[in-house]
$ cat final-v7.pdb   # PDB, C-alpha atoms
MODEL        1
ATOM      1  CA  MET A   1      20.434  -7.716 -24.055
ATOM      2  CA  ASN A   2      18.112  -5.524 -26.044
ATOM      3  CA  ALA A   3      16.202  -2.371 -25.206
ATOM      4  CA  HIS A   4      13.250  -4.319 -23.790
ATOM      5  CA  ALA A   5      15.436  -5.996 -21.153
ATOM      6  CA  ILE A   6      17.282  -2.778 -20.331
ATOM      7  CA  ILE A   7      13.968  -0.999 -19.769
ATOM      8  CA  PHE A   8      12.914  -3.785 -17.394
ATOM      9  CA  TYR A   9      16.045  -3.446 -15.292
ATOM     10  CA  LEU A  10      15.760   0.348 -15.256
ATOM     11  CA  ILE A  11      12.135   0.175 -14.058
ATOM     12  CA  SER A  12      13.026  -2.398 -11.390
ATOM     13  CA  ALA A  13      15.931  -0.324 -10.110
ATOM     14  CA  PHE A  14      13.681   2.749 -10.016
ATOM     15  CA  LEU A  15      10.846   1.136  -8.102
ATOM     16  CA  LEU A  16      13.113  -0.675  -5.648
ATOM     17  CA  GLY A  17      15.189   2.443  -4.998
ATOM     18  CA  THR A  18      12.177   4.645  -4.385
ATOM     19  CA  GLY A  19      10.642   1.885  -2.236
ATOM     20  CA  ILE A  20      13.761   1.760  -0.052
ATOM     21  CA  LEU A  21      13.739   5.546   0.262
ATOM     22  CA  SER A  22      10.066   5.424   1.158
ATOM     23  CA  VAL A  23      10.613   3.132   4.133
ATOM     24  CA  THR A  24      13.853   4.724   5.355
ATOM     25  CA  THR A  25      13.450   8.489   4.967
ATOM     26  CA  LYS A  26      12.982  10.450   8.178
ATOM     27  CA  LYS A  27      10.342  12.953   7.091
ATOM     28  CA  ILE A  28       6.875  11.486   6.715
ATOM     29  CA  PHE A  29       5.773  13.663   3.814
ATOM     30  CA  ARG A  30       8.829  12.731   1.782
ATOM     31  CA  SER A  31       8.080   9.126   2.556
ATOM     32  CA  ALA A  32       4.620   9.519   0.998
ATOM     33  CA  ILE A  33       6.095  11.152  -2.111
ATOM     34  CA  TRP A  34       8.648   8.353  -2.529
ATOM     35  CA  LEU A  35       5.814   5.855  -2.172
ATOM     36  CA  LEU A  36       4.049   7.667  -5.001
ATOM     37  CA  PHE A  37       7.118   7.299  -7.226
ATOM     38  CA  SER A  38       7.376   3.630  -6.339
ATOM     39  CA  LEU A  39       3.734   3.044  -7.275
ATOM     40  CA  VAL A  40       4.272   4.826 -10.593
ATOM     41  CA  GLY A  41       7.238   2.505 -11.152
ATOM     42  CA  ILE A  42       5.011  -0.512 -10.514
ATOM     43  CA  ALA A  43       2.466   0.869 -12.998
ATOM     44  CA  SER A  44       5.208   1.211 -15.596
ATOM     45  CA  LEU A  45       6.201  -2.381 -14.882
ATOM     46  CA  TYR A  46       2.607  -3.349 -15.747
ATOM     47  CA  PHE A  47       2.905  -1.329 -18.950
ATOM     48  CA  TRP A  48       6.120  -3.196 -19.676
ATOM     49  CA  MET A  49       4.278  -6.497 -19.182
ATOM     50  CA  GLU A  50       1.646  -5.286 -21.673
ATOM     51  CA  VAL A  51      -1.276  -5.330 -19.252
ATOM     52  CA  GLU A  52      -2.397  -1.785 -19.907
ATOM     53  CA  PHE A  53      -5.706  -2.094 -18.084
ATOM     54  CA  VAL A  54      -4.116  -3.114 -14.774
ATOM     55  CA  ALA A  55      -1.558  -0.332 -15.211
ATOM     56  CA  ALA A  56      -4.335   2.224 -15.700
ATOM     57  CA  VAL A  57      -6.218   0.898 -12.653
ATOM     58  CA  GLN A  58      -2.987   1.033 -10.659
ATOM     59  CA  ILE A  59      -2.441   4.679 -11.551
ATOM     60  CA  ILE A  60      -6.063   5.670 -10.931
ATOM     61  CA  VAL A  61      -6.595   3.820  -7.657
ATOM     62  CA  TYR A  62      -3.163   3.917  -6.031
ATOM     63  CA  VAL A  63      -1.523   7.072  -7.317
ATOM     64  CA  GLY A  64      -4.724   9.058  -7.653
ATOM     65  CA  GLY A  65      -6.583   7.694  -4.651
ATOM     66  CA  ILE A  66      -4.656   5.998  -1.876
ATOM     67  CA  VAL A  67      -1.563   8.213  -1.887
ATOM     68  CA  ILE A  68      -3.731  11.337  -1.885
ATOM     69  CA  LEU A  69      -5.690   9.867   1.043
ATOM     70  CA  ILE A  70      -2.424   9.143   2.890
ATOM     71  CA  ILE A  71      -1.170  12.680   2.256
ATOM     72  CA  PHE A  72      -4.456  14.070   3.571
ATOM     73  CA  SER A  73      -4.185  12.009   6.720
ATOM     74  CA  ILE A  74      -0.587  13.172   7.195
ATOM     75  CA  PHE A  75      -1.745  16.775   6.979
ATOM     76  CA  LEU A  76      -4.583  16.077   9.416
ATOM     77  CA  THR A  77      -2.511  14.313  12.032
ATOM     78  CA  GLN A  78       0.930  15.880  12.243
ATOM     79  CA  GLN A  79       3.461  18.478  11.282
ATOM     80  CA  SER A  80       4.831  17.250   7.991
ATOM     81  CA  GLY A  81       8.189  19.011   8.325
ATOM     82  CA  LYS A  82       9.021  17.350  11.616
ATOM     83  CA  GLU A  83      11.514  14.514  11.579
ATOM     84  CA  MET A  84      10.379  11.192  12.958
ATOM     85  CA  PRO A  85      12.544   9.495  15.584
ATOM     86  CA  GLY A  86      14.611   6.626  14.215
ATOM     87  CA  PRO A  87      13.988   3.005  15.143
ATOM     88  CA  GLY A  88      17.159   2.546  17.188
ATOM     89  CA  LEU A  89      20.274   0.600  16.274
ATOM     90  CA  LEU A  90      19.273  -2.769  17.710
ATOM     91  CA  ARG A  91      15.889  -2.796  15.998
ATOM     92  CA  THR A  92      17.421  -1.698  12.678
ATOM     93  CA  VAL A  93      20.078  -4.398  12.772
ATOM     94  CA  PHE A  94      17.704  -7.195  13.667
ATOM     95  CA  SER A  95      14.987  -6.229  11.194
ATOM     96  CA  LEU A  96      17.648  -5.881   8.495
ATOM     97  CA  LEU A  97      18.901  -9.357   9.347
ATOM     98  CA  ALA A  98      15.379 -10.811   9.280
ATOM     99  CA  VAL A  99      14.551  -9.136   5.994
ATOM    100  CA  LEU A 100      17.812 -10.136   4.303
ATOM    101  CA  PHE A 101      17.457 -13.724   5.466
ATOM    102  CA  GLY A 102      13.834 -13.881   4.237
ATOM    103  CA  ALA A 103      14.670 -12.314   0.892
ATOM    104  CA  GLY A 104      17.646 -14.594   0.373
ATOM    105  CA  PHE A 105      15.604 -17.658   1.260
ATOM    106  CA  CYS A 106      12.783 -16.711  -1.133
ATOM    107  CA  CYS A 107      15.197 -15.869  -3.950
ATOM    108  CA  MET A 108      16.914 -19.223  -3.460
ATOM    109  CA  LEU A 109      13.570 -21.024  -3.684
ATOM    110  CA  ILE A 110      12.574 -19.106  -6.831
ATOM    111  CA  ASN A 111      15.958 -19.773  -8.386
ATOM    112  CA  GLU A 112      15.764 -23.507  -7.835
ATOM    113  CA  TYR A 113      12.112 -24.026  -8.744
ATOM    114  CA  GLY A 114      12.546 -23.914 -12.514
ATOM    115  CA  PHE A 115       9.339 -22.537 -13.982
ATOM    116  CA  THR A 116       8.340 -24.057 -17.291
ATOM    117  CA  GLN A 117       6.963 -21.459 -19.644
ATOM    118  CA  LEU A 118       4.450 -22.368 -22.288
ATOM    119  CA  PRO A 119       5.852 -21.464 -25.676
ATOM    120  CA  GLY A 120       3.717 -20.308 -28.506
ATOM    121  CA  THR A 121       0.528 -18.894 -27.022
ATOM    122  CA  GLN A 122       0.177 -15.166 -27.252
ATOM    123  CA  PHE A 123      -0.665 -13.212 -24.126
ATOM    124  CA  SER A 124      -3.067 -10.421 -24.949
ATOM    125  CA  VAL A 125      -5.350  -8.653 -22.537
ATOM    126  CA  ALA A 126      -8.199  -6.926 -24.289
ATOM    127  CA  VAL A 127     -10.402  -4.821 -22.036
ATOM    128  CA  ALA A 128     -13.447  -6.350 -23.727
ATOM    129  CA  ASP A 129     -12.301  -9.844 -22.663
ATOM    130  CA  ILE A 130     -11.810  -8.667 -19.085
ATOM    131  CA  GLY A 131     -15.300  -7.135 -19.001
ATOM    132  CA  THR A 132     -16.952 -10.188 -20.527
ATOM    133  CA  GLN A 133     -15.325 -12.625 -18.138
ATOM    134  CA  MET A 134     -15.854 -10.325 -15.148
ATOM    135  CA  LEU A 135     -19.619 -10.273 -15.629
ATOM    136  CA  SER A 136     -20.160 -13.766 -17.012
ATOM    137  CA  THR A 137     -22.267 -16.212 -15.011
ATOM    138  CA  ALA A 138     -20.836 -19.243 -16.795
ATOM    139  CA  ASP A 139     -17.838 -21.253 -15.637
ATOM    140  CA  HIS A 140     -14.744 -19.161 -14.814
ATOM    141  CA  GLY A 141     -16.926 -16.077 -14.630
ATOM    142  CA  PHE A 142     -16.243 -13.575 -11.892
ATOM    143  CA  VAL A 143     -19.705 -12.122 -11.356
ATOM    144  CA  LEU A 144     -20.052 -13.405  -7.768
ATOM    145  CA  PRO A 145     -16.781 -11.878  -6.483
ATOM    146  CA  PHE A 146     -17.690  -8.738  -8.399
ATOM    147  CA  GLU A 147     -20.964  -8.395  -6.495
ATOM    148  CA  VAL A 148     -19.371  -9.363  -3.180
ATOM    149  CA  VAL A 149     -16.619  -6.803  -3.609
ATOM    150  CA  SER A 150     -19.179  -4.121  -4.354
ATOM    151  CA  MET A 151     -20.896  -4.960  -1.058
ATOM    152  CA  LEU A 152     -17.481  -4.820   0.614
ATOM    153  CA  LEU A 153     -16.858  -1.339  -0.779
ATOM    154  CA  LEU A 154     -20.255  -0.187   0.448
ATOM    155  CA  GLY A 155     -19.552  -1.649   3.883
ATOM    156  CA  ALA A 156     -16.115  -0.013   3.984
ATOM    157  CA  MET A 157     -17.611   3.356   3.049
ATOM    158  CA  ILE A 158     -20.282   3.208   5.749
ATOM    159  CA  GLY A 159     -17.739   1.884   8.247
ATOM    160  CA  CYS A 160     -15.376   4.776   7.510
ATOM    161  CA  ILE A 161     -18.138   7.301   8.064
ATOM    162  CA  VAL A 162     -19.195   5.641  11.326
ATOM    163  CA  ILE A 163     -15.642   5.397  12.642
ATOM    164  CA  ALA A 164     -14.598   8.902  11.697
ATOM    165  CA  MET A 165     -17.853  10.540  12.826
ATOM    166  CA  LYS A 166     -17.673  12.391  16.099
ATOM    167  CA  SER A 167     -20.099  10.858  18.566
ATOM    168  CA  LYS A 168     -22.480  13.137  20.438
ATOM    169  CA  GLU A 169     -20.915  12.674  23.857
ATOM    170  CA  ALA A 170     -17.433  13.206  22.470
ATOM    171  CA  LYS A 171     -18.641  16.449  20.923
ATOM    172  CA  ASN A 172     -20.233  17.564  24.200
ATOM    173  CA  LYS A 173     -17.131  16.483  26.093
ATOM    174  CA  GLY A 174     -14.950  18.449  23.733
ATOM    175  CA  VAL A 175     -17.109  21.531  24.178
ATOM    176  CA  LEU A 176     -17.040  21.052  27.946
ATOM    177  CA  GLU A 177     -13.262  20.661  27.981
ATOM    178  CA  ASN A 178     -12.848  23.757  25.864
ATOM    179  CA  GLU A 179     -15.083  25.703  28.235
ATOM    180  CA  GLN A 180     -13.178  24.433  31.226
ATOM    181  CA  GLU A 181      -9.899  25.324  29.600
ATOM    182  CA  ALA A 182     -11.225  28.770  28.755
ATOM    183  CA  VAL A 183     -12.461  29.259  32.319
ATOM    184  CA  GLY A 184      -9.136  27.985  33.623
ATOM    185  CA  THR A 185      -7.128  30.397  31.500
ATOM    186  CA  VAL A 186      -9.384  33.284  32.517
ATOM    187  CA  ILE A 187      -8.982  32.414  36.191
ATOM    188  CA  SER A 188      -5.231  31.993  35.916
ATOM    189  CA  SER A 189      -4.892  35.276  34.044
ATOM    190  CA  GLN A 190      -6.946  37.005  36.719
ATOM    191  CA  GLN A 191      -4.721  35.479  39.374
ATOM    192  CA  ASN A 192      -1.672  36.663  37.475
ATOM    193  CA  ASN A 193      -3.160  40.134  37.314
ATOM    194  CA  ARG A 194      -3.824  40.127  41.029
ATOM    195  CA  LEU A 195      -0.297  38.954  41.757
TER     196      LEU A 195
ATOM    197  CA  MET B 196       6.507 -11.457 -27.860
ATOM    198  CA  ASN B 197      10.278 -11.768 -27.681
ATOM    199  CA  SER B 198      10.223 -10.620 -24.073
ATOM    200  CA  LEU B 199       9.558 -14.172 -22.929
ATOM    201  CA  SER B 200      12.980 -15.266 -24.046
ATOM    202  CA  GLU B 201      14.699 -12.089 -22.910
ATOM    203  CA  ILE B 202      13.608 -11.733 -19.283
ATOM    204  CA  PRO B 203      12.954 -14.967 -17.405
ATOM    205  CA  LEU B 204      10.032 -15.100 -14.997
ATOM    206  CA  ALA B 205      12.439 -15.521 -12.087
ATOM    207  CA  HIS B 206      13.780 -11.985 -12.518
ATOM    208  CA  ILE B 207      10.326 -10.443 -12.140
ATOM    209  CA  LEU B 208       9.805 -12.627  -9.081
ATOM    210  CA  PHE B 209      13.120 -11.400  -7.656
ATOM    211  CA  VAL B 210      11.934  -7.813  -8.060
ATOM    212  CA  SER B 211       8.614  -8.489  -6.350
ATOM    213  CA  THR B 212      10.330 -10.434  -3.545
ATOM    214  CA  ALA B 213      12.677  -7.523  -2.964
ATOM    215  CA  LEU B 214       9.731  -5.113  -2.886
ATOM    216  CA  PHE B 215       7.871  -7.331  -0.422
ATOM    217  CA  PHE B 216      10.800  -7.446   1.962
ATOM    218  CA  ILE B 217      11.370  -3.700   1.624
ATOM    219  CA  GLY B 218       7.782  -3.292   2.809
ATOM    220  CA  MET B 219       8.440  -5.741   5.609
ATOM    221  CA  TYR B 220      11.506  -3.760   6.704
ATOM    222  CA  GLY B 221       9.305  -0.673   6.875
ATOM    223  CA  LEU B 222       6.755  -2.610   8.911
ATOM    224  CA  PHE B 223       9.470  -3.662  11.387
ATOM    225  CA  THR B 224      11.214  -0.333  11.841
ATOM    226  CA  ARG B 225       8.499   2.322  11.614
ATOM    227  CA  LYS B 226       6.444   3.465  14.567
ATOM    228  CA  ASN B 227       4.069   5.906  12.915
ATOM    229  CA  LEU B 228       0.780   4.348  11.840
ATOM    230  CA  VAL B 229       0.650   6.165   8.486
ATOM    231  CA  THR B 230       4.089   4.906   7.507
ATOM    232  CA  LEU B 231       3.064   1.399   8.556
ATOM    233  CA  LEU B 232       0.139   1.705   6.156
ATOM    234  CA  MET B 233       2.532   2.777   3.379
ATOM    235  CA  ALA B 234       4.698  -0.303   4.023
ATOM    236  CA  ILE B 235       1.626  -2.533   3.789
ATOM    237  CA  GLU B 236       0.711  -0.924   0.459
ATOM    238  CA  LEU B 237       4.172  -1.790  -0.876
ATOM    239  CA  MET B 238       3.718  -5.423   0.174
ATOM    240  CA  LEU B 239       0.281  -5.663  -1.475
ATOM    241  CA  ASN B 240       1.704  -4.230  -4.676
ATOM    242  CA  SER B 241       4.483  -6.778  -4.786
ATOM    243  CA  VAL B 242       1.873  -9.556  -4.587
ATOM    244  CA  ASN B 243       0.019  -7.940  -7.490
ATOM    245  CA  ILE B 244       3.177  -7.986  -9.604
ATOM    246  CA  ASN B 245       3.485 -11.701  -8.868
ATOM    247  CA  PHE B 246      -0.072 -12.436  -9.990
ATOM    248  CA  VAL B 247       0.266 -10.537 -13.257
ATOM    249  CA  ALA B 248       3.674 -12.071 -14.011
ATOM    250  CA  PHE B 249       2.456 -15.626 -13.370
ATOM    251  CA  ASN B 250      -0.536 -15.018 -15.610
ATOM    252  CA  LYS B 251       1.605 -13.615 -18.403
ATOM    253  CA  TYR B 252       4.353 -16.223 -18.305
ATOM    254  CA  LEU B 253       2.733 -19.463 -17.185
ATOM    255  CA  TYR B 254      -0.917 -19.204 -18.301
ATOM    256  CA  PRO B 255      -0.977 -16.804 -21.242
ATOM    257  CA  GLY B 256      -4.348 -18.093 -22.477
ATOM    258  CA  LYS B 257      -6.236 -17.160 -19.314
ATOM    259  CA  LEU B 258      -7.019 -14.011 -17.387
ATOM    260  CA  ASP B 259      -7.318 -15.262 -13.792
ATOM    261  CA  GLY B 260      -4.199 -13.528 -12.483
ATOM    262  CA  ILE B 261      -5.428 -10.212 -13.888
ATOM    263  CA  PHE B 262      -8.721 -10.662 -12.032
ATOM    264  CA  PHE B 263      -6.952 -11.496  -8.789
ATOM    265  CA  SER B 264      -4.804  -8.386  -9.007
ATOM    266  CA  LEU B 265      -7.849  -6.230  -9.811
ATOM    267  CA  PHE B 266      -9.725  -7.560  -6.768
ATOM    268  CA  ILE B 267      -6.640  -7.100  -4.575
ATOM    269  CA  ILE B 268      -6.414  -3.467  -5.702
ATOM    270  CA  THR B 269     -10.100  -2.957  -4.822
ATOM    271  CA  ILE B 270      -9.769  -4.522  -1.388
ATOM    272  CA  ALA B 271      -6.550  -2.597  -0.732
ATOM    273  CA  ALA B 272      -8.414   0.641  -1.453
ATOM    274  CA  ALA B 273     -11.171  -0.288   1.014
ATOM    275  CA  GLU B 274      -8.558  -1.315   3.574
ATOM    276  CA  ALA B 275      -6.653   1.951   3.212
ATOM    277  CA  ALA B 276      -9.849   3.969   3.667
ATOM    278  CA  VAL B 277     -10.848   2.102   6.837
ATOM    279  CA  ALA B 278      -7.292   2.277   8.192
ATOM    280  CA  ILE B 279      -7.132   6.023   7.694
ATOM    281  CA  ALA B 280     -10.510   6.486   9.392
ATOM    282  CA  ILE B 281      -9.187   4.492  12.378
ATOM    283  CA  ILE B 282      -5.958   6.498  12.415
ATOM    284  CA  ILE B 283      -7.833   9.810  12.450
ATOM    285  CA  ASN B 284     -10.103   8.566  15.222
ATOM    286  CA  LEU B 285      -7.062   7.424  17.213
ATOM    287  CA  TYR B 286      -5.437  10.804  16.716
ATOM    288  CA  ARG B 287      -8.571  12.451  18.022
ATOM    289  CA  SER B 288      -8.572  10.475  21.253
ATOM    290  CA  HIS B 289      -4.813  10.156  21.876
ATOM    291  CA  GLN B 290      -3.370  13.227  20.084
ATOM    292  CA  SER B 291      -0.740  10.923  18.578
ATOM    293  CA  ILE B 292      -0.552   8.168  15.978
ATOM    294  CA  ASP B 293       2.514   6.426  17.346
ATOM    295  CA  VAL B 294       2.119   2.700  17.838
ATOM    296  CA  ASP B 295       3.703   2.971  21.282
ATOM    297  CA  ASP B 296       1.116   5.473  22.482
ATOM    298  CA  ALA B 297      -1.907   3.355  21.535
ATOM    299  CA  THR B 298      -1.592   0.688  24.173
ATOM    300  CA  GLU B 299      -5.178   0.117  25.202
ATOM    301  CA  MET B 300      -7.583  -1.375  22.702
ATOM    302  CA  LYS B 301     -10.732   0.229  23.998
ATOM    303  CA  TYR B 302     -12.579   3.344  23.162
TER     304      TYR B 302
ENDMDL
END
$ encode --input "final-v7.pdb" --output "structure tokens"
Amino acid sequence: MNAHAIIFYLISAFLLGTGILSVTTKKIFRSAIWLLFSLVGIASLYFWMEVEFVAAVQIIVYVGGIVILIIFSIFLTQQSGKEMPGPGLLRTVFSLLAVLFGAGFCCMLINEYGFTQLPGTQFSVAVADIGTQMLSTADHGFVLPFEVVSMLLLGAMIGCIVIAMKSKEAKNKGVLENEQEAVGTVISSQQNNRL
Amino acid sequence: MNSLSEIPLAHILFVSTALFFIGMYGLFTRKNLVTLLMAIELMLNSVNINFVAFNKYLYPGKLDGIFFSLFIITIAAAEAAVAIAIIINLYRSHQSIDVDDATEMKY
């Protein structure tokens, strides 16, 4: 067991431990931070597998984008210091059973499959190769999915704006409710004064 | 490239399986929509690890697994953005992002 193997087991223990903490911790903000550590662990696993480009994309998109987005939405929607209610004993026990059974079953299948690895050929991922194959129109080129995914991103962006935009009636309704609330508080305070 | 002999492919697959089921445990036990989204991100990442590991160990001459993981990362980013827009909209109309509070699927 050399240093390379030890580093692999250390990275795996790190990312699994932080992943478990991320799904079990009670405070939602801590959960997001543990998720961030877990994603960094996955990026270091990519570095360990010598696919530096995917590791860089992982750090940029997940750690720099999605986790920040999640933290923003946590700040927008709730008090981050508040503890979330637990799932209840019955639900915990049964989901733990389901998960352990599924994991054991999958590990058994993987263990018995017996993958045959090709000896000899070097695995090297040059960024130039990725770019050439991504935009090639020949066989095994990925230019069509590339274009489709760009349309998907555009659609997702417009969809986000449309969903998150306040509609006109909702705005008016909100204003109306605020006015009614204000009127109500004024009236109640006047009544209190009279009493 | 002595790593091929040191760590068998099965061990990387064990790690990604464990990560997938950790995400699934979060999906079963959480009730807050943001934490559900985090659990789904963990599951997507475990699939990415699988793709890269298969590419590295079984088909070292090709790059298809790398491309699949790159496209999955892109689509996961779009999915997270749309999900967070929906969550914020839900919070605006229900003042809560608990799964139990969002029982009607209409605006």
$ resolve_selection --input "final-v7.pdb" --expression "the ChimeraX specification (/A :<8) & /B" --output "number ranges by chain"
B: 196, 198, 201-202, 204-205, 208-210, 212-214, 216-221, 223-226, 229-230, 233-234, 237, 240, 244, 247-248, 251-256, 258, 261-262, 264-266, 268-270, 272-277, 279-281, 283-284, 286, 291-292
$ atom_distance --input "final-v7.pdb" --atom1 "CA of Lys257 in chain B" --atom2 "CA of Phe47 in chain A"
18.3 Å
$ atom_distance --input "final-v7.pdb" --atom1 "CA of Gly131 in chain A" --atom2 "CA of Asp259 in chain B"
12.5 Å
$ atom_distance --input "final-v7.pdb" --atom1 "CA of Ser241 in chain B" --atom2 "CA of Phe215 in chain B"
5.6 Å
$ resolve_selection --input "final-v7.pdb" --expression "the PyMOL selection byres ((chain B and resi 294) around 7)" --output "CSV table (one decimal) with C-alpha atoms, keeping the file's coordinate frame"
chain,number,residue,atom,x,y,z
B,226,LYS,CA,6.4,3.5,14.6
B,227,ASN,CA,4.1,5.9,12.9
B,228,LEU,CA,0.8,4.3,11.8
B,292,ILE,CA,-0.6,8.2,16.0
B,293,ASP,CA,2.5,6.4,17.3
B,295,ASP,CA,3.7,3.0,21.3
B,296,ASP,CA,1.1,5.5,22.5
B,297,ALA,CA,-1.9,3.4,21.5
